[in-house]
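Peer 1: Hey, dropping run_30.cif in here, mmCIF, C-alpha atoms:
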data_query
loop_
_atom_site.label_atom_id
_atom_site.label_comp_id
_atom_site.auth_asym_id
_atom_site.auth_seq_id
_atom_site.Cartn_x
_atom_site.Cartn_y
_atom_site.Cartn_z
CA MET H 1 -25.77 -35.69 3.49
CA ASN H 2 -22.52 -33.74 3.86
CA ARG H 3 -21.79 -31.66 0.77
CA GLU H 4 -18.26 -30.64 1.77
CA GLY H 5 -16.04 -31.60 -1.10
CA PRO H 6 -12.24 -31.68 -1.29
CA VAL H 7 -12.05 -28.01 -2.34
CA HIS H 8 -14.05 -26.93 0.71
CA LEU H 9 -11.80 -28.95 3.03
CA VAL H 10 -8.65 -27.49 1.43
CA PHE H 11 -10.11 -24.01 1.94
CA LYS H 12 -10.78 -24.74 5.63
CA LYS H 13 -7.25 -26.05 6.11
CA ALA H 14 -5.79 -22.99 4.36
CA LEU H 15 -7.77 -20.70 6.68
CA LEU H 16 -6.52 -22.61 9.70
CA VAL H 17 -2.90 -22.36 8.49
CA LEU H 18 -3.36 -18.63 7.84
CA PHE H 19 -4.83 -18.13 11.33
CA VAL H 20 -1.95 -19.98 12.99
CA ALA H 21 0.59 -18.04 10.92
CA LEU H 22 -1.08 -14.76 11.89
CA LEU H 23 -0.89 -15.63 15.58
CA SER H 24 2.74 -16.72 15.35
CA ALA H 25 3.75 -13.56 13.48
CA CYS H 26 2.23 -11.16 15.99
CA GLU H 27 5.29 -9.25 17.15
CA PRO H 28 7.04 -6.66 15.00
CA ARG H 29 10.37 -7.39 13.33
CA ASP H 30 12.65 -4.48 12.39
CA VAL H 31 10.42 -2.11 10.39
CA GLN H 32 7.67 -4.72 9.90
CA PRO H 33 4.77 -3.93 12.28
CA GLY H 34 3.03 -6.61 14.28
CA LEU H 35 -0.08 -7.20 16.37
CA TRP H 36 -0.09 -8.50 19.97
CA LEU H 37 3.03 -8.31 22.10
CA SER H 38 3.89 -11.24 24.31
CA GLY H 39 5.94 -11.31 27.48
CA GLU H 40 5.75 -11.15 31.25
CA GLU H 41 3.27 -8.56 32.58
CA VAL H 42 5.03 -6.25 35.05
CA VAL H 43 2.92 -5.32 38.07
CA ARG H 44 5.63 -3.63 40.15
CA ARG H 45 5.87 0.13 39.95
CA VAL H 46 8.89 1.49 38.03
CA ASP H 47 10.21 4.65 39.71
CA ASN H 48 13.28 5.06 37.53
CA TRP H 49 13.51 3.99 33.88
CA GLN H 50 17.30 4.43 33.73
CA PHE H 51 17.67 0.68 33.08
CA THR H 52 16.51 1.37 29.50
CA ASP H 53 19.84 3.11 28.82
CA GLN H 54 21.14 -0.36 27.96
CA VAL H 55 18.18 -1.17 25.67
CA GLU H 56 18.50 -0.22 22.00
CA GLU H 57 14.88 -0.76 20.91
CA VAL H 58 11.54 -1.34 22.60
CA PHE H 59 8.15 -2.35 21.23
CA ILE H 60 4.94 -0.38 21.59
CA GLU H 61 1.46 -1.86 21.18
CA THR H 62 -1.34 0.63 20.52
CA ARG H 63 -5.07 0.17 20.07
CA PRO H 64 -6.40 1.30 16.68
CA TRP H 65 -10.07 2.00 16.03
CA TYR H 66 -10.55 -1.33 14.20
CA GLY H 67 -9.88 -3.47 17.29
CA LEU H 68 -6.73 -5.41 16.43
CA PRO H 69 -3.62 -4.09 18.19
CA HIS H 70 -0.81 -2.45 16.24
CA SER H 71 2.75 -2.94 17.46
CA THR H 72 6.02 -1.55 16.21
CA THR H 73 9.66 -1.09 17.15
CA ILE H 74 10.73 2.30 18.55
CA TRP H 75 13.60 4.00 20.34
CA CYS H 76 13.42 5.26 23.89
CA VAL H 77 15.43 7.37 26.31
CA ALA H 78 15.36 7.76 30.07
CA TYR H 79 15.66 11.36 31.20
CA GLN H 80 15.70 12.32 34.88
CA GLY H 81 14.23 8.92 35.73
CA SER H 82 11.27 9.26 33.35
CA LEU H 83 10.85 7.39 30.07
CA PHE H 84 10.32 9.03 26.69
CA ILE H 85 9.86 7.71 23.16
CA GLY H 86 10.44 9.68 19.99
CA SER H 87 9.33 10.00 16.41
CA TYR H 88 10.39 11.91 13.32
CA GLY H 89 9.36 12.45 9.72
CA GLU H 90 6.78 14.44 7.84
CA GLU H 91 3.86 12.13 8.59
CA LYS H 92 2.77 10.73 11.92
CA LYS H 93 3.37 7.03 12.35
CA ASN H 94 0.43 4.65 12.88
CA TRP H 95 1.26 4.27 16.57
CA GLU H 96 1.13 8.05 17.02
CA VAL H 97 -2.24 8.33 15.27
CA ASN H 98 -3.58 5.52 17.47
CA LEU H 99 -2.38 7.30 20.63
CA GLN H 100 -4.37 10.42 19.72
CA THR H 101 -7.63 8.58 20.35
CA GLU H 102 -6.41 6.01 22.89
CA PRO H 103 -3.33 7.00 24.94
CA HIS H 104 -3.19 3.67 26.79
CA ALA H 105 -0.62 1.32 25.31
CA ARG H 106 1.77 -1.46 26.21
CA LEU H 107 5.54 -1.34 26.03
CA LYS H 108 7.73 -4.39 25.74
CA ILE H 109 11.22 -3.93 27.12
CA ASP H 110 13.30 -7.09 26.86
CA ASN H 111 10.63 -9.68 27.75
CA ASP H 112 8.66 -7.46 30.15
CA LEU H 113 5.30 -5.84 29.30
CA TYR H 114 4.31 -2.53 30.88
CA GLY H 115 0.89 -0.92 30.77
CA VAL H 116 1.51 2.75 29.97
CA VAL H 117 -0.14 6.04 29.12
CA VAL H 118 1.64 8.03 26.42
CA THR H 119 1.34 11.82 26.06
CA LYS H 120 3.06 14.20 23.67
CA VAL H 121 5.70 16.53 25.09
CA VAL H 122 4.80 20.14 24.29
CA ASP H 123 7.40 21.91 26.44
CA GLN H 124 10.08 23.16 23.99
CA SER H 125 12.75 23.30 26.69
CA LEU H 126 12.15 19.66 27.60
CA THR H 127 12.07 18.74 23.90
CA ALA H 128 15.53 20.28 23.44
CA GLN H 129 16.87 18.33 26.43
CA LEU H 130 15.34 15.10 25.14
CA ASP H 131 16.86 15.76 21.72
CA GLN H 132 20.29 15.93 23.38
CA ALA H 133 19.59 12.75 25.34
CA TYR H 134 18.57 10.94 22.15
CA ASN H 135 21.73 12.15 20.42
CA ALA H 136 23.80 10.89 23.35
CA LYS H 137 22.17 7.43 23.27
CA TYR H 138 21.84 6.97 19.51
CA ASP H 139 24.49 8.15 17.04
CA MET H 140 22.16 10.22 14.86
CA ALA H 141 24.91 11.19 12.40
CA GLU H 142 25.69 7.52 11.82
CA VAL H 143 22.02 6.67 11.31
CA PHE H 144 20.90 9.72 9.31
CA GLY H 145 24.12 11.24 7.95
CA ASP H 146 24.10 15.01 7.52
CA GLU H 147 20.30 15.20 7.36
CA ILE H 148 19.23 14.49 10.92
CA PRO H 149 15.46 14.99 11.06
CA ASP H 150 13.57 16.96 13.67
CA TRP H 151 12.22 14.79 16.45
CA TRP H 152 9.23 15.11 18.76
CA PHE H 153 8.80 13.15 21.94
CA TYR H 154 6.21 11.43 24.08
CA ARG H 155 6.25 10.90 27.83
CA VAL H 156 5.59 7.32 28.93
CA GLU H 157 3.95 6.81 32.32
CA GLN H 158 3.17 3.45 33.83
CA TYR H 159 -0.38 2.67 34.89
CA SER H 160 -2.04 -0.22 36.64
CA PRO H 161 -4.94 -1.66 34.61
#
Output the file's structure in the form of structure tokens.
Peer 2:
Amino acid sequence: MNREGPVHLVFKKALLVLFVALLSACEPRDVQPGLWLSGEEVVRRVDNWQFTDQVEEVFIETRPWYGLPHSTTIWCVAYQGSLFIGSYGEEKKNWEVNLQTEPHARLKIDNDLYGVVVTKVVDQSLTAQLDQAYNAKYDMAEVFGDEIPDWWFYRVEQYSP
């Protein structure tokens, strides 16, 4: 005899709706983080990331310790053909914390997905040059006013999985 009553069936349907909603709301929106990124996997090697000069925001998907991916919207800049992403603020963002233990990530640029390895830039001279490149691409005074925060940067290098 089946003991599933109407309440149990409603609960099952609610779980199914929640699961479908979770899958459909995977990508980040503005400051709202997401989960999996979708798009076309890029297998060709990118030798020059200058095409990102025309791209305002990109998405990064990192791999936290708990297994579900974490994705968010970030800014990027191409400098001497290489790609860099930046961060600011007093506390590290979730994506930065995730990269400390797992530097492999995915970037979504337009509808293309790139497998990448992300490493922090420690060279102060390069950091100063990247700061200038960021200021040239993004109007920091318009975004932050008179209190432009200090930035640190990460080098993005493509890898083949």
Peer 1: Please write the residues picked by the PyMOL selection byres ((chain H and resi 61-69) around 10) on this file as an MDAnalysis selection string.
Peer 2: chainID H and resid 26:28 33:37 59:60 70:73 94:108 113 115:116 118
Peer 1: So the first atom is CA of Asn135 in chain H and the second is CA of Pro149 in chain H; what is the distance between them in Å, to one decimal place?
Peer 2: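 Distance reported for this atom pair: 11.6 Å.
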Peer 1: Report the distance between CA of Val31 in chain H and CA of Met140 in chain H in Å, rounded to one decimal place.
Peer 2: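 Those two atoms sit 17.6 Å apart.
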Peer 1: With distances taken over all atoms listed in the file, which residue among H:Tyr134, H:Phe144, H:Trp152, H:Tyr79 lies nearest Gln50 in chain H?
Peer 2: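 Closest to Gln50 in chain H of all the choices is H:Tyr79.
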Peer 1: Just give me the gap between CA of Asp53 in chain H and CA of Gln80 in chain H in Å, one decimal is fine.
Peer 2: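 Computed distance, CA of Asp53 in chain H to CA of Gln80 in chain H, equals 11.8 Å.
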Peer 1: Identify, on the basis of all atoms listed in the file, every residue whose closest approach to Val46 in chain H does not exceed 10 Å; exclude the query and any residue fewer than 4 positions from it along the same chain; express the result as JSON, numbers by chain.
Peer 2: {"H": [42, 50, 81, 82, 114, 157, 158, 159]}
Peer 1: The selected residues should be written to file as an mmCIF file, in the frame of the given file (atoms: C-alpha atoms).
Peer 2:
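What landed in out17.cif:
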data_model
loop_
_atom_site.group_PDB
_atom_site.id
_atom_site.type_symbol
_atom_site.label_atom_id
_atom_site.label_comp_id
_atom_site.auth_asym_id
_atom_site.auth_seq_id
_atom_site.Cartn_x
_atom_site.Cartn_y
_atom_site.Cartn_z
ATOM 1 C CA VAL H 42 5.030 -6.250 35.050
ATOM 2 C CA GLN H 50 17.300 4.430 33.730
ATOM 3 C CA GLY H 81 14.230 8.920 35.730
ATOM 4 C CA SER H 82 11.270 9.260 33.350
ATOM 5 C CA TYR H 114 4.310 -2.530 30.880
ATOM 6 C CA GLU H 157 3.950 6.810 32.320
ATOM 7 C CA GLN H 158 3.170 3.450 33.830
ATOM 8 C CA TYR H 159 -0.380 2.670 34.890
#
Peer 1: For Gln124 in chain H, which residue out of H:Phe153, H:Asn111, H:Glu90, H:Lys137 is the nearest one, using all atoms listed in the file?
Peer 2: H:Phe153
Peer 1: Taking only C-alpha atoms into account, name the residue in H:Val156, H:Ile85, H:Val121, H:Ile109 that is nearest to Gln54 in chain H.
Peer 2: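 With only C-alpha atoms as the atom set, the closest residue is H:Ile109.
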Peer 1: Find the residue from H:Ser38, H:Arg29, H:Leu130, H:Asp139 that sits nearest to Val77 in chain H; use all atoms listed in the file when measuring.
Peer 2: H:Leu130
Peer 1: Nearest to Thr119 in chain H among H:Leu83, H:Ile74, H:Ala133, H:Val58, with distances taken over all atoms listed in the file: which residue is it?
Peer 2: H:Leu83
